[in-house]
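Visitor: Got a structure for you, written out below as structure tokens; questions coming shortly.
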Amino acid sequence: MGPTTLLQAASAGKVAHHPSVVAGLVLDRAPVGLALIDANDRLVWANAALTELACPTGGELQGRNLNELFRPFVNLLGERGSYHTLSPGEDWQQAWLAVDDSASARLGLMSCVAFDRGADAALDSSTDPLMWLVTFVDLDADADAVLDRRHADIGNVASTWIFEDRLSHAFDRADRLGQRLGVMLIELHGLSRILVDHGGEMASRVSRRAGRRLVNVLRREDSVVQVDRERWGVLLEHPVTPETLQLVADRCLEALEPPFTLSGYRPALIEPRIGIVLCPEDGEEAGELLAHAEKALEEAVPGGFAFYDGSLQRLMERQQRFRHELQEALMFPDQQFYLVYQPQFDLITRRCCGLEALVRWRHPQRGEVAPAEFVGLAAEMQLVDRLDRWVLKEVVAQRRRWRESGSELGDWDISVNIHHHLLDQAGYDGRALDLYLRQLCESGAKGEAAAQHSLHECLDWLCLEVDGAGLFEVGHRQSHLLRRIVALGVRLGIDGLGRSPVDLFGMASLPVTLGKLGPETLKTLADPSTSMRQSVAALMRCLETLEFVVVAVGVETAEQLDTIKALGLVRIQGRLVGAPLESEALVDWAASGAHPAIAI
């Protein structure tokens, strides 16, 4: 049996001279729980305060295991409902103290400070400590009191202290790694009314359920701390952008929106609001960042969120409106989207050898919107398959119109760049891509004879181009679909060669016959060093071995054209030789001879 009092333990020479010891000697009978644990995590002593908290009806704590008495506060680390064991450490952490003869537990702050390292401690500082001092500060002492932030109790102060401590450590990591931090203060607006109308038990249960909902929508690596009964602090680390913070805020608001249904009570409704700050933009110290988060929280309306930086808030609102406008436009793509066609040229024949269909957005208020502004966003919103299928439908219909009018454009090959999401077997409407292409051909057939027209001949002019990274990601998983598409006569190409790592073995195993060197790769050819050109030349030799047709895209200068010729490339595409044209202008250009813009 260990020493019965902290004073006896100190006088016996079992406790090192640590500031916490002095405080413990004074607080031996104070309402702060103190305990000593040995190297096996067994309690060898506990003061009266801790014993009374854990054993209100009488009992002993000596001999108990640390993890039988304490468990971590689940919402602090976002463990999604699963508990883990405590490890001794000097950092303060929130923890639950088990209470005998009761299903409830007490929430508090806990720390473990290393004490005696043995007689050889001076000689070997690496020796594991023989004993730890556990300090537990009860935060439920006034759980039934109506909260008033103007007179913060010890629980509020201590929880804020923990959150600031976590922030300071996160600041160090962010500064070391050159990353951003995001902080959100979430207030359960209306919880005070529940507290007054239904009492502390109901308010505490709603607060705990709100915490579990927040944990379920956040990542495991995000820190969540209950600052007080009404407010939660959320710390988000890399990757952090204004857009991701907005997304997380929306998820938190959605999670807290449904009513809280508790047995014996009417469903409780609360209106959460969120204040958001970004580091280093809104502050580079924990206190400053929290103060700005408080101000942002004051600006937020119930059921909404606000950024501390007003300009950032307005930017997010504009981006949100843009997302809504894109979503609405894609519901009826014929009304705002249209296609242009850019010619490709053969450097040997000096004639046009095909077209690439490019999508454009003519916004009714914004005017022309660049593809870089909406194509990636459509993919992020999981709407790019809808856009790509509309493009395919328009290309098939346009080529049919050219053939019916007798234009030579009806005999040219056309390339269409699609997102790899379109290779999903089900697609957004349940139709695999090969089935969709079949239906496009069949829907345009006129008469029984046309209906019997070979699908292979119907689509042997079409080339589908997929970004290399995306194609390598899904290609082997969707190999059967790719082969069904190729069986229709469609050719497959890899877009953006040189922009990402090239999987030569993967290319050899996929039914791909065309590769495109993107504008980024062409710009590197202007580098005076020979290493870049040698790398591209080596890639060309590999593609030639695979019998790929290679197209250089984004040719804008005469120097790039000369380099392309020196590399032995045959096909080119770019504004230097031909700008994208709408259908009517393209017909006129083809009728005039389809000449390149410069002599090639």
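Simple scheme: letters A, B, ... for chains in structure tokens order, numbers from 1 for residues in each chain, numbers from 1 for ligands in the order shown.
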Please build the interface table for stretch 440-543 of chain A against stretch 402-414 of chain A with a cut-off of 8 Å, listing for each qualifying residue the nearest atom pair and the distance in Å to one decimal; count only C-alpha atoms, order rows by chain and increasing number, and write it as JSON lines.
Guide:
{"residue": "A:Trp461", "atom": "CA", "partner": "A:Asp413", "partner_atom": "CA", "distance": 4.5}
{"residue": "A:Leu462", "atom": "CA", "partner": "A:Ile414", "partner_atom": "CA", "distance": 5.3}
{"residue": "A:Cys463", "atom": "CA", "partner": "A:Ile414", "partner_atom": "CA", "distance": 6.3}
Visitor: Given the selection you just returned, output its residues as a file containing all heavy atoms, formatted as a compact mmCIF listing (two decimals), in the first residue's frame.
Guide:
# COMPACT_ATOMS: atom_id res chain seq x y z
N TRP A 461 -15.41 8.36 -86.34
CA TRP A 461 -14.84 9.71 -86.45
C TRP A 461 -14.55 10.33 -85.09
O TRP A 461 -13.94 11.40 -85.00
CB TRP A 461 -15.80 10.62 -87.21
CG TRP A 461 -17.19 10.59 -86.62
CD1 TRP A 461 -18.21 9.76 -86.98
CD2 TRP A 461 -17.69 11.40 -85.55
NE1 TRP A 461 -19.32 9.99 -86.22
CE2 TRP A 461 -19.02 11.00 -85.33
CE3 TRP A 461 -17.16 12.41 -84.77
CZ2 TRP A 461 -19.84 11.57 -84.35
CZ3 TRP A 461 -17.95 13.00 -83.79
CH2 TRP A 461 -19.28 12.58 -83.58
N LEU A 462 -15.02 9.70 -84.02
CA LEU A 462 -15.00 10.29 -82.68
C LEU A 462 -13.78 9.81 -81.89
O LEU A 462 -13.47 8.61 -81.88
CB LEU A 462 -16.28 9.94 -81.92
CG LEU A 462 -16.41 10.45 -80.49
CD1 LEU A 462 -16.41 11.98 -80.46
CD2 LEU A 462 -17.68 9.90 -79.83
N CYS A 463 -13.12 10.76 -81.22
CA CYS A 463 -12.02 10.43 -80.30
C CYS A 463 -12.33 11.04 -78.95
O CYS A 463 -12.58 12.25 -78.84
CB CYS A 463 -10.69 10.98 -80.83
SG CYS A 463 -9.29 10.64 -79.74
Visitor: Could you give me, as a PyMOL selection string, each residue of stretch 135-347 of chain A that DSSP assigns to alpha helix (DSSP H) when run on this structure's backbone?
Guide: chain A and resi 154-177+191-198+200-217+242-256+286-299+310-331
Visitor: Need the shell around stretch 315-317 of chain A: protein/DNA/RNA residues with any atom at most 8 Å away, counting only C-alpha atoms. Skip same-chain ones fewer than 4 positions apart. Format as a list in words?
Guide: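 Answer for this query is Pro242, Glu243, Gln246, Ser311 and Arg321 of chain A.
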Visitor: So how many Å separate atom CA of A:Leu107 and atom CA of A:Gln94, to one decimal?
Guide: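 Computing it gives 7.1 Å between the two atoms.
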Visitor: Can you tell me which residues surround stretch 415-421 of chain A at a distance of at most 9 Å, considering only C-alpha atoms, apart from same-chain residues fewer than 6 positions away, and format the answer as a VMD selection string?
Guide: chain A and resid 354 to 358 379 382 384 to 385 388 to 389 391 to 392 395 427 461 to 467 470 to 471 473 to 475 493 495
Visitor: In Å, with one decimal, what is the gap from atom CA of A:Cys112 to atom CA of A:Arg71?
Guide: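 Computing the Euclidean distance for atom CA of A:Cys112 and atom CA of A:Arg71 yields 13.4 Å.
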Visitor: Using atom CA of A:Gly515 and atom CA of A:Leu497 as the two end points, give the distance in Å to one decimal.
Guide: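 It comes out at 6.7 Å.
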Visitor: Show which residues sit within 12 Å of A:Pro267, as a ChimeraX atom specification. Count only C-alpha atoms, and ignore same-chain residues fewer than 4 positions away.
Guide: /A:194,198,202,206,258-263
Visitor: Please run DSSP on the backbone and report, as a PyMOL selection string, all residues within stretch 364-491 of chain A that come out as strand (DSSP E or B).
Guide: chain A and resi 367-369+414-418+462-467+491
Visitor: The selected residues should be written to file as a PDB file, in the first residue's frame (atoms: N, CA, C and O atoms).
Guide:
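Below you can see out00.pdb, which holds the result:
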ATOM      1  N   GLY A 367     -21.586  37.456 -69.050  1.00  0.00           N
ATOM      2  CA  GLY A 367     -20.993  37.358 -70.371  1.00  0.00           C
ATOM      3  C   GLY A 367     -20.228  36.052 -70.533  1.00  0.00           C
ATOM      4  O   GLY A 367     -20.584  35.023 -69.945  1.00  0.00           O
ATOM      5  N   GLU A 368     -19.158  36.087 -71.311  1.00  0.00           N
ATOM      6  CA  GLU A 368     -18.373  34.888 -71.568  1.00  0.00           C
ATOM      7  C   GLU A 368     -17.579  34.491 -70.316  1.00  0.00           C
ATOM      8  O   GLU A 368     -16.837  35.308 -69.759  1.00  0.00           O
ATOM      9  N   VAL A 369     -17.759  33.249 -69.904  1.00  0.00           N
ATOM     10  CA  VAL A 369     -17.054  32.708 -68.743  1.00  0.00           C
ATOM     11  C   VAL A 369     -16.016  31.713 -69.253  1.00  0.00           C
ATOM     12  O   VAL A 369     -16.346  30.784 -70.001  1.00  0.00           O
ATOM     13  N   ILE A 414     -13.469  14.328 -85.027  1.00  0.00           N
ATOM     14  CA  ILE A 414     -13.700  15.293 -83.952  1.00  0.00           C
ATOM     15  C   ILE A 414     -13.261  14.662 -82.635  1.00  0.00           C
ATOM     16  O   ILE A 414     -13.609  13.511 -82.332  1.00  0.00           O
ATOM     17  N   SER A 415     -12.491  15.426 -81.863  1.00  0.00           N
ATOM     18  CA  SER A 415     -12.068  14.996 -80.526  1.00  0.00           C
ATOM     19  C   SER A 415     -12.906  15.719 -79.469  1.00  0.00           C
ATOM     20  O   SER A 415     -13.243  16.891 -79.631  1.00  0.00           O
ATOM     21  N   VAL A 416     -13.225  15.012 -78.405  1.00  0.00           N
ATOM     22  CA  VAL A 416     -13.984  15.581 -77.282  1.00  0.00           C
ATOM     23  C   VAL A 416     -13.255  15.222 -75.998  1.00  0.00           C
ATOM     24  O   VAL A 416     -12.976  14.040 -75.747  1.00  0.00           O
ATOM     25  N   ASN A 417     -12.928  16.223 -75.203  1.00  0.00           N
ATOM     26  CA  ASN A 417     -12.273  15.981 -73.917  1.00  0.00           C
ATOM     27  C   ASN A 417     -13.339  15.708 -72.869  1.00  0.00           C
ATOM     28  O   ASN A 417     -14.255  16.518 -72.679  1.00  0.00           O
ATOM     29  N   ILE A 418     -13.255  14.567 -72.188  1.00  0.00           N
ATOM     30  CA  ILE A 418     -14.225  14.206 -71.159  1.00  0.00           C
ATOM     31  C   ILE A 418     -13.511  13.974 -69.835  1.00  0.00           C
ATOM     32  O   ILE A 418     -12.320  13.659 -69.793  1.00  0.00           O
ATOM     33  N   LEU A 462     -15.023   9.695 -84.021  1.00  0.00           N
ATOM     34  CA  LEU A 462     -14.997  10.293 -82.677  1.00  0.00           C
ATOM     35  C   LEU A 462     -13.784   9.807 -81.887  1.00  0.00           C
ATOM     36  O   LEU A 462     -13.469   8.614 -81.877  1.00  0.00           O
ATOM     37  N   CYS A 463     -13.121  10.760 -81.222  1.00  0.00           N
ATOM     38  CA  CYS A 463     -12.019  10.429 -80.303  1.00  0.00           C
ATOM     39  C   CYS A 463     -12.332  11.038 -78.948  1.00  0.00           C
ATOM     40  O   CYS A 463     -12.576  12.246 -78.839  1.00  0.00           O
ATOM     41  N   LEU A 464     -12.363  10.224 -77.925  1.00  0.00           N
ATOM     42  CA  LEU A 464     -12.593  10.685 -76.556  1.00  0.00           C
ATOM     43  C   LEU A 464     -11.249  10.808 -75.848  1.00  0.00           C
ATOM     44  O   LEU A 464     -10.492   9.842 -75.763  1.00  0.00           O
ATOM     45  N   GLU A 465     -10.973  11.997 -75.319  1.00  0.00           N
ATOM     46  CA  GLU A 465      -9.702  12.261 -74.637  1.00  0.00           C
ATOM     47  C   GLU A 465      -9.943  12.407 -73.147  1.00  0.00           C
ATOM     48  O   GLU A 465     -10.842  13.146 -72.716  1.00  0.00           O
ATOM     49  N   VAL A 466      -9.133  11.718 -72.369  1.00  0.00           N
ATOM     50  CA  VAL A 466      -9.240  11.739 -70.911  1.00  0.00           C
ATOM     51  C   VAL A 466      -7.896  12.157 -70.338  1.00  0.00           C
ATOM     52  O   VAL A 466      -6.849  11.713 -70.833  1.00  0.00           O
ATOM     53  N   ASP A 467      -7.926  13.006 -69.310  1.00  0.00           N
ATOM     54  CA  ASP A 467      -6.685  13.408 -68.661  1.00  0.00           C
ATOM     55  C   ASP A 467      -5.918  12.178 -68.187  1.00  0.00           C
ATOM     56  O   ASP A 467      -6.510  11.225 -67.656  1.00  0.00           O
ATOM     57  N   ARG A 491     -12.167   6.112 -80.853  1.00  0.00           N
ATOM     58  CA  ARG A 491     -10.769   6.053 -80.431  1.00  0.00           C
ATOM     59  C   ARG A 491     -10.615   6.736 -79.074  1.00  0.00           C
ATOM     60  O   ARG A 491     -11.362   7.666 -78.750  1.00  0.00           O
TER      61      ARG A 491
END
Visitor: With distances taken over only C-alpha atoms, which residue among A:Lys523, A:Arg180, A:Lys393, A:His189 lies nearest A:Glu298?
Guide: A:His189
Visitor: Might you pull out every residue within 9 Å of A:Gly182, with only C-alpha atoms counted and same-chain residues fewer than 2 positions away left off, and present them as an MDAnalysis selection string?
Guide: chainID A and resid 180 184 234:238 240:242 245 276:279
Visitor: Could you pull the residues within 12 Å of A:Asp172, counting only C-alpha atoms, minus those fewer than 2 positions along the same chain, as a list of chain:residue names?
Guide: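 Listed by chain and then number, they are A:Asp165, A:Arg166, A:Leu167, A:Ser168, A:His169, A:Ala170, A:Ala174, A:Asp175, A:Arg176, A:Leu177, A:Gly178, A:Gln179, A:Arg180, A:Leu181, A:Glu237, A:Cys279, A:Pro280, A:Glu284, A:Glu285, A:Ala286.
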Visitor: How about saving the chosen residues, N, CA and C atoms kept, as an mmCIF file, in the first residue's frame?
Guide:
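Saved to result.cif:
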data_model
loop_
_atom_site.group_PDB
_atom_site.id
_atom_site.type_symbol
_atom_site.label_atom_id
_atom_site.label_comp_id
_atom_site.auth_asym_id
_atom_site.auth_seq_id
_atom_site.Cartn_x
_atom_site.Cartn_y
_atom_site.Cartn_z
ATOM 1 N N ASP A 165 -4.383 26.517 -25.861
ATOM 2 C CA ASP A 165 -3.165 25.717 -25.829
ATOM 3 C C ASP A 165 -3.051 24.882 -27.112
ATOM 4 N N ARG A 166 -4.138 24.307 -27.555
ATOM 5 C CA ARG A 166 -4.118 23.547 -28.795
ATOM 6 C C ARG A 166 -3.816 24.455 -29.982
ATOM 7 N N LEU A 167 -4.349 25.657 -29.950
ATOM 8 C CA LEU A 167 -4.083 26.610 -31.015
ATOM 9 C C LEU A 167 -2.600 26.957 -31.081
ATOM 10 N N SER A 168 -1.993 27.170 -29.923
ATOM 11 C CA SER A 168 -0.579 27.552 -29.915
ATOM 12 C C SER A 168 0.285 26.456 -30.520
ATOM 13 N N HIS A 169 -0.017 25.188 -30.220
ATOM 14 C CA HIS A 169 0.729 24.080 -30.823
ATOM 15 C C HIS A 169 0.473 24.015 -32.327
ATOM 16 N N ALA A 170 -0.774 24.264 -32.724
ATOM 17 C CA ALA A 170 -1.097 24.246 -34.156
ATOM 18 C C ALA A 170 -0.391 25.372 -34.891
ATOM 19 N N ALA A 174 1.909 24.971 -38.153
ATOM 20 C CA ALA A 174 1.591 25.699 -39.382
ATOM 21 C C ALA A 174 2.751 26.575 -39.815
ATOM 22 N N ASP A 175 3.413 27.221 -38.838
ATOM 23 C CA ASP A 175 4.544 28.077 -39.179
ATOM 24 C C ASP A 175 5.706 27.254 -39.704
ATOM 25 N N ARG A 176 5.913 26.088 -39.128
ATOM 26 C CA ARG A 176 7.017 25.227 -39.548
ATOM 27 C C ARG A 176 6.772 24.655 -40.944
ATOM 28 N N LEU A 177 5.513 24.356 -41.265
ATOM 29 C CA LEU A 177 5.189 23.717 -42.537
ATOM 30 C C LEU A 177 4.673 24.709 -43.576
ATOM 31 N N GLY A 178 4.536 25.984 -43.191
ATOM 32 C CA GLY A 178 4.039 26.980 -44.132
ATOM 33 C C GLY A 178 2.602 26.735 -44.532
ATOM 34 N N GLN A 179 1.743 26.379 -43.565
ATOM 35 C CA GLN A 179 0.351 26.055 -43.854
ATOM 36 C C GLN A 179 -0.597 27.017 -43.147
ATOM 37 N N ARG A 180 -1.842 26.959 -43.533
ATOM 38 C CA ARG A 180 -2.883 27.781 -42.921
ATOM 39 C C ARG A 180 -3.587 27.031 -41.796
ATOM 40 N N LEU A 181 -4.282 27.801 -40.952
ATOM 41 C CA LEU A 181 -5.139 27.244 -39.921
ATOM 42 C C LEU A 181 -6.525 27.853 -40.066
ATOM 43 N N GLU A 237 -6.760 22.027 -39.490
ATOM 44 C CA GLU A 237 -5.420 22.209 -40.037
ATOM 45 C C GLU A 237 -5.393 21.733 -41.481
ATOM 46 N N CYS A 279 -6.007 31.769 -40.285
ATOM 47 C CA CYS A 279 -4.644 32.161 -39.918
ATOM 48 C C CYS A 279 -3.724 31.876 -41.105
ATOM 49 N N PRO A 280 -2.850 32.804 -41.470
ATOM 50 C CA PRO A 280 -2.436 34.006 -40.730
ATOM 51 C C PRO A 280 -3.205 35.264 -41.090
ATOM 52 N N GLU A 284 -2.152 36.019 -35.898
ATOM 53 C CA GLU A 284 -1.028 35.096 -35.813
ATOM 54 C C GLU A 284 -0.751 34.662 -34.388
ATOM 55 N N GLU A 285 -1.656 34.964 -33.466
ATOM 56 C CA GLU A 285 -1.566 34.508 -32.086
ATOM 57 C C GLU A 285 -2.918 33.937 -31.681
ATOM 58 N N ALA A 286 -2.896 32.985 -30.741
ATOM 59 C CA ALA A 286 -4.126 32.297 -30.358
ATOM 60 C C ALA A 286 -5.167 33.264 -29.812
#
Visitor: Tell me which of A:Phe345, A:Phe374, A:Phe332, A:Trp45 sits closest to A:Ala597, counting only C-alpha atoms.
Guide: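 For A:Ala597, the nearest of the candidates is A:Phe345.
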